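S.K.: I'd like to ask some things about the structure below.
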Amino acid sequence: MDESLIDTGLAPLSNFLASHSSHHTSPSVNDSPSPPKSDDERTGAYFNFFLTELEKCFPYVKLFPWTAATLFSSSNHNPALRQSVLAVAALLANKNAQGQAEALGHLQNALYLIRDKLSNAGVDEGLAISSFLLSHFSIMLGDHVTAKKHLRGMLVVLEKLNPSRDSNRIVVPNPSNNTELTILIWRMAIRIDFISSVTSGQRPILPKFCLHGLHD
(Lines give C-alpha, C1' and ligand atoms only; values in the text may rest on other atoms or scores of the structure.)
Protein backbone atom coordinates (compact mmCIF):
# COMPACT_ATOMS: atom_id res chain seq x y z
CA MET A 1 0.00 0.00 0.00
CA ASP A 2 1.34 3.43 -0.94
CA GLU A 3 2.11 5.35 2.27
CA SER A 4 1.20 8.56 0.47
CA LEU A 5 -2.42 7.48 0.85
CA ILE A 6 -2.13 8.01 4.60
CA ASP A 7 -2.13 11.77 4.75
CA THR A 8 -0.84 13.36 7.94
CA GLY A 9 -3.25 16.26 7.86
CA LEU A 10 -0.99 18.03 10.36
CA ALA A 11 -1.06 21.44 8.69
CA PRO A 12 -4.87 21.72 8.72
CA LEU A 13 -4.95 20.43 12.27
CA SER A 14 -2.27 22.89 13.38
CA ASN A 15 -4.32 25.71 11.87
CA PHE A 16 -7.39 24.38 13.66
CA LEU A 17 -5.58 24.28 16.99
CA ALA A 18 -4.27 27.81 16.54
CA SER A 19 -7.60 29.30 15.53
CA HIS A 20 -9.82 27.78 18.25
CA SER A 21 -9.48 29.26 21.69
CA SER A 22 -12.76 28.10 23.24
CA HIS A 23 -12.46 26.97 26.84
CA HIS A 24 -15.49 24.70 26.88
CA THR A 25 -14.59 21.30 28.31
CA SER A 26 -16.72 18.19 28.47
CA PRO A 27 -17.53 17.27 32.06
CA SER A 28 -16.66 13.67 31.19
CA VAL A 29 -12.98 14.52 30.82
CA ASN A 30 -12.70 17.86 32.58
CA ASP A 31 -9.29 18.38 34.13
CA SER A 32 -9.55 18.97 37.84
CA PRO A 33 -6.88 21.45 39.01
CA SER A 34 -5.93 19.10 41.84
CA PRO A 35 -4.96 16.36 41.63
CA PRO A 36 -4.14 16.03 37.90
CA LYS A 37 -5.28 12.90 36.14
CA SER A 38 -2.77 10.25 35.13
CA ASP A 39 -2.38 9.23 31.51
CA ASP A 40 -4.29 6.00 32.18
CA GLU A 41 -7.13 7.90 33.84
CA ARG A 42 -7.37 10.35 30.95
CA THR A 43 -7.29 7.52 28.42
CA GLY A 44 -10.07 5.75 30.30
CA ALA A 45 -12.10 8.97 30.45
CA TYR A 46 -11.73 9.51 26.70
CA PHE A 47 -12.78 5.95 25.93
CA ASN A 48 -15.83 6.27 28.17
CA PHE A 49 -16.74 9.56 26.53
CA PHE A 50 -16.27 8.09 23.04
CA LEU A 51 -18.45 5.07 23.81
CA THR A 52 -21.13 7.30 25.35
CA GLU A 53 -21.17 9.75 22.44
CA LEU A 54 -20.65 7.20 19.67
CA GLU A 55 -24.26 7.09 18.50
CA LYS A 56 -24.31 10.90 18.20
CA CYS A 57 -21.24 10.91 15.96
CA PHE A 58 -21.80 7.92 13.72
CA PRO A 59 -24.94 6.84 11.87
CA TYR A 60 -26.42 3.36 12.32
CA VAL A 61 -24.97 2.88 15.81
CA LYS A 62 -28.44 3.14 17.37
CA LEU A 63 -29.60 0.37 15.06
CA PHE A 64 -26.63 -1.83 15.96
CA PRO A 65 -26.03 -1.47 19.73
CA TRP A 66 -23.16 -3.96 19.67
CA THR A 67 -21.02 -1.49 17.71
CA ALA A 68 -19.53 0.35 20.70
CA ALA A 69 -18.53 -2.78 22.61
CA THR A 70 -17.08 -4.43 19.50
CA LEU A 71 -15.07 -1.34 18.55
CA PHE A 72 -13.77 -1.01 22.10
CA SER A 73 -12.78 -4.69 22.23
CA SER A 74 -11.04 -4.47 18.84
CA SER A 75 -9.09 -1.38 19.87
CA ASN A 76 -7.71 -3.17 22.93
CA HIS A 77 -5.80 -5.51 20.63
CA ASN A 78 -4.86 -3.02 17.92
CA PRO A 79 -2.62 -0.06 18.92
CA ALA A 80 -3.27 1.90 15.71
CA LEU A 81 -7.03 1.57 16.14
CA ARG A 82 -6.76 2.52 19.81
CA GLN A 83 -4.87 5.72 18.99
CA SER A 84 -7.38 6.57 16.24
CA VAL A 85 -10.26 6.18 18.69
CA LEU A 86 -8.45 8.37 21.23
CA ALA A 87 -7.76 11.05 18.61
CA VAL A 88 -11.46 11.34 17.74
CA ALA A 89 -12.49 11.14 21.40
CA ALA A 90 -10.06 13.87 22.47
CA LEU A 91 -11.24 16.18 19.70
CA LEU A 92 -14.88 15.55 20.60
CA ALA A 93 -14.47 15.83 24.35
CA ASN A 94 -12.23 18.84 24.89
CA LYS A 95 -12.45 22.11 23.03
CA ASN A 96 -9.70 23.76 25.04
CA ALA A 97 -6.05 23.95 23.98
CA GLN A 98 -4.98 20.95 26.06
CA GLY A 99 -7.65 18.67 24.64
CA GLN A 100 -6.86 19.72 21.09
CA ALA A 101 -3.15 19.15 21.66
CA GLU A 102 -3.93 15.66 22.99
CA ALA A 103 -5.99 14.98 19.87
CA LEU A 104 -3.00 15.95 17.72
CA GLY A 105 -0.72 13.69 19.76
CA HIS A 106 -3.01 10.67 19.32
CA LEU A 107 -3.34 11.45 15.60
CA GLN A 108 0.45 11.43 15.20
CA ASN A 109 0.70 8.16 17.13
CA ALA A 110 -2.00 6.58 14.97
CA LEU A 111 -0.27 7.63 11.74
CA TYR A 112 3.06 6.27 12.97
CA LEU A 113 1.53 2.92 13.91
CA ILE A 114 -0.36 2.68 10.61
CA ARG A 115 2.81 3.32 8.62
CA ASP A 116 4.67 0.77 10.72
CA LYS A 117 2.06 -1.90 10.00
CA LEU A 118 2.09 -1.06 6.30
CA SER A 119 5.87 -1.32 6.08
CA ASN A 120 5.72 -4.73 7.78
CA ALA A 121 2.84 -5.98 5.63
CA GLY A 122 0.63 -6.10 8.72
CA VAL A 123 -2.64 -5.31 6.96
CA ASP A 124 -5.77 -6.20 8.94
CA GLU A 125 -9.32 -4.97 9.45
CA GLY A 126 -8.22 -2.80 12.35
CA LEU A 127 -6.08 -0.85 9.92
CA ALA A 128 -9.06 -0.25 7.64
CA ILE A 129 -11.18 0.95 10.58
CA SER A 130 -8.32 3.19 11.74
CA SER A 131 -8.23 4.81 8.30
CA PHE A 132 -11.98 5.40 8.53
CA LEU A 133 -11.63 7.08 11.93
CA LEU A 134 -8.85 9.33 10.62
CA SER A 135 -11.15 10.26 7.75
CA HIS A 136 -13.85 11.14 10.26
CA PHE A 137 -11.25 13.14 12.23
CA SER A 138 -10.50 15.16 9.08
CA ILE A 139 -14.22 15.75 8.50
CA MET A 140 -14.45 17.14 12.03
CA LEU A 141 -11.74 19.64 11.09
CA GLY A 142 -13.48 20.56 7.86
CA ASP A 143 -10.64 19.08 5.79
CA HIS A 144 -12.65 17.11 3.24
CA VAL A 145 -9.75 16.56 0.84
CA THR A 146 -7.65 14.80 3.50
CA ALA A 147 -10.73 12.82 4.55
CA LYS A 148 -10.94 11.37 1.04
CA LYS A 149 -7.25 10.42 1.12
CA HIS A 150 -7.85 8.38 4.25
CA LEU A 151 -10.86 6.73 2.61
CA ARG A 152 -8.65 5.79 -0.32
CA GLY A 153 -6.23 4.20 2.14
CA MET A 154 -9.10 2.28 3.68
CA LEU A 155 -10.15 1.00 0.26
CA VAL A 156 -6.62 -0.21 -0.53
CA VAL A 157 -6.51 -2.13 2.76
CA LEU A 158 -9.86 -3.77 2.03
CA GLU A 159 -8.68 -4.72 -1.46
CA LYS A 160 -5.72 -6.51 0.12
CA LEU A 161 -8.01 -8.28 2.57
CA ASN A 162 -10.41 -9.35 -0.22
CA PRO A 163 -8.15 -10.28 -3.15
CA SER A 164 -9.68 -11.19 -6.49
CA ARG A 165 -8.30 -12.77 -9.64
CA ASP A 166 -10.47 -10.42 -11.67
CA SER A 167 -8.68 -7.07 -11.84
CA ASN A 168 -11.90 -5.40 -13.03
CA ARG A 169 -13.97 -6.64 -10.10
CA ILE A 170 -15.24 -3.94 -7.73
CA VAL A 171 -13.98 -4.77 -4.27
CA VAL A 172 -16.31 -4.30 -1.31
CA PRO A 173 -16.16 -5.87 2.17
CA ASN A 174 -17.17 -9.51 2.01
CA PRO A 175 -19.21 -10.96 4.91
CA SER A 176 -17.43 -14.26 4.43
CA ASN A 177 -14.03 -12.61 5.00
CA ASN A 178 -14.76 -9.52 7.06
CA THR A 179 -16.42 -8.89 10.41
CA GLU A 180 -19.81 -7.27 10.97
CA LEU A 181 -18.01 -4.22 12.36
CA THR A 182 -16.03 -3.75 9.14
CA ILE A 183 -19.22 -4.08 7.06
CA LEU A 184 -20.93 -1.43 9.20
CA ILE A 185 -17.88 0.87 9.07
CA TRP A 186 -17.98 0.55 5.28
CA ARG A 187 -21.53 1.87 5.28
CA MET A 188 -20.46 4.82 7.41
CA ALA A 189 -17.48 5.45 5.15
CA ILE A 190 -19.76 5.69 2.10
CA ARG A 191 -21.68 8.44 3.89
CA ILE A 192 -18.46 10.36 4.63
CA ASP A 193 -17.34 9.85 1.02
CA PHE A 194 -20.61 11.35 -0.22
CA ILE A 195 -20.37 14.38 2.09
CA SER A 196 -16.71 15.05 1.29
CA SER A 197 -17.33 14.64 -2.46
CA VAL A 198 -20.12 17.22 -2.43
CA THR A 199 -18.01 19.63 -0.37
CA SER A 200 -14.71 19.19 -2.23
CA GLY A 201 -16.17 18.79 -5.72
CA GLN A 202 -14.23 15.54 -6.22
CA ARG A 203 -15.46 12.17 -7.40
CA PRO A 204 -16.36 9.58 -4.73
CA ILE A 205 -13.56 7.25 -3.66
CA LEU A 206 -15.57 4.21 -2.63
CA PRO A 207 -17.62 1.99 -4.93
CA LYS A 208 -21.24 1.34 -4.14
CA PHE A 209 -22.05 -1.53 -1.82
CA CYS A 210 -23.35 -4.07 -4.34
CA LEU A 211 -24.86 -7.37 -3.25
CA HIS A 212 -23.78 -9.05 -6.46
CA GLY A 213 -20.17 -8.26 -5.57
CA LEU A 214 -20.50 -10.38 -2.45
CA HIS A 215 -21.35 -13.54 -4.32
CA ASP A 216 -18.81 -13.46 -7.17
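All residue names refer to the C-alpha coordinates as shown: chains lettered A, B, ... in order, residues numbered from 1 in each chain, ligands numbered from 1 in order.
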Give me the residues near A:Gln83 as a list of chain:residue names, where near means some atom within 7 Å (using only C-alpha atoms) and where sequence neighbours in that chain fewer than 5 positions away do not count.
M.R.: A:His106, A:Leu107, A:Asn109, A:Ala110
S.K.: Just want the 8 Å neighbourhood of A:Asn174, counted on only C-alpha atoms, with same-chain residues fewer than 3 positions away dropped. Output as a PyMOL selection string.
M.R.: chain A and resi 162+177-178+183+214
S.K.: Looking only at helix (DSSP H, G or I) from DSSP on the backbone, list the matching residues of stretch 69-176 of chain A as number ranges by chain.
M.R.: A: 69-76, 79-93, 97-119, 125-140, 144-161
S.K.: Residues of stretch 83-162 of chain A that have any atom at most 7 Å from an atom of stretch 191-210 of chain A: could you tabulate them with the shortest-distance atom pair and the distance in Å to one decimal, using only C-alpha atoms, ordered by chain and increasing number, as CSV?
M.R.:
residue,atom,partner,partner_atom,distance
A:His144,CA,A:Ser196,CA,5.0
A:Val145,CA,A:Ser200,CA,6.4
A:Lys148,CA,A:Asp193,CA,6.6
A:Leu151,CA,A:Ile205,CA,6.8
A:Arg152,CA,A:Ile205,CA,6.1
A:Leu155,CA,A:Leu206,CA,6.9
S.K.: Which residues are near A:Leu134? Cut-off 9 Å, only C-alpha atoms, ignore same chain within fewer than 5 positions. Put them as a ChimeraX atom specification.
M.R.: /A:84-85,87-88,107,110-111,129,139,147,150-151
S.K.: The selected residues should be written to file as a tab-separated table (two decimals), in the first residue's frame (atoms: N, CA and C atoms).
M.R.:
chain	number	residue	atom	x	y	z
A	84	SER	N	-6.40	5.89	17.09
A	84	SER	CA	-7.38	6.57	16.24
A	84	SER	C	-8.64	6.90	17.03
A	85	VAL	N	-9.09	5.94	17.85
A	85	VAL	CA	-10.26	6.18	18.69
A	85	VAL	C	-9.99	7.33	19.65
A	87	ALA	N	-7.87	9.77	19.33
A	87	ALA	CA	-7.76	11.05	18.61
A	87	ALA	C	-9.15	11.66	18.40
A	88	VAL	N	-10.10	10.85	17.95
A	88	VAL	CA	-11.46	11.34	17.74
A	88	VAL	C	-12.09	11.72	19.07
A	107	LEU	N	-3.35	11.54	17.06
A	107	LEU	CA	-3.34	11.45	15.60
A	107	LEU	C	-1.95	11.07	15.10
A	110	ALA	N	-1.25	7.47	15.85
A	110	ALA	CA	-2.00	6.58	14.97
A	110	ALA	C	-1.34	6.48	13.60
A	111	LEU	N	-0.92	7.62	13.06
A	111	LEU	CA	-0.27	7.63	11.74
A	111	LEU	C	1.03	6.85	11.77
A	129	ILE	N	-10.33	0.17	9.69
A	129	ILE	CA	-11.18	0.95	10.58
A	129	ILE	C	-10.43	2.18	11.08
A	139	ILE	N	-12.91	15.13	8.71
A	139	ILE	CA	-14.22	15.75	8.50
A	139	ILE	C	-14.54	16.70	9.64
A	147	ALA	N	-9.80	13.91	4.20
A	147	ALA	CA	-10.73	12.82	4.55
A	147	ALA	C	-10.82	11.81	3.42
A	150	HIS	N	-7.78	9.47	3.28
A	150	HIS	CA	-7.85	8.38	4.25
A	150	HIS	C	-8.84	7.30	3.80
A	151	LEU	N	-9.92	7.71	3.14
A	151	LEU	CA	-10.86	6.73	2.61
A	151	LEU	C	-10.21	5.90	1.51
S.K.: Taking into account only C-alpha atoms, which residue in the set A:Glu159, A:Glu53, A:Met154, A:Leu181 is nearest to A:Leu92?
M.R.: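 Among the listed residues, the smallest separation from A:Leu92 belongs to A:Glu53.
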S.K.: So that I can check the surroundings of A:Ala89, please list as a PyMOL selection string every protein, DNA and RNA residue that reaches within 8 Å of it, counting only C-alpha atoms and ignoring chain neighbours fewer than 5 positions away.
M.R.: chain A and resi 46-47+49-50+103
S.K.: Closest to A:Gln100 among A:Asp116, A:Phe132, A:Leu141, A:Gly122, using only C-alpha atoms?
M.R.: A:Leu141
S.K.: Rank nothing, just name the residue among A:Gly142, A:Pro173, A:Pro79, A:Pro65 nearest to A:Ile114, using only C-alpha atoms.
M.R.: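 Of the candidates, the smallest distance to A:Ile114 is held by A:Pro79.
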S.K.: Find the residues around A:Ala69 up to 12 Å (only C-alpha atoms counted), leave out those fewer than 3 positions away in its own chain, and share them as a list in words.
M.R.: Phe47, Asn48, Phe50, Leu51, Thr52, Leu54, Val61, Phe64, Pro65, Trp66, Phe72, Ser73, Ser74, Ser75, Asn76 and Leu181 of chain A
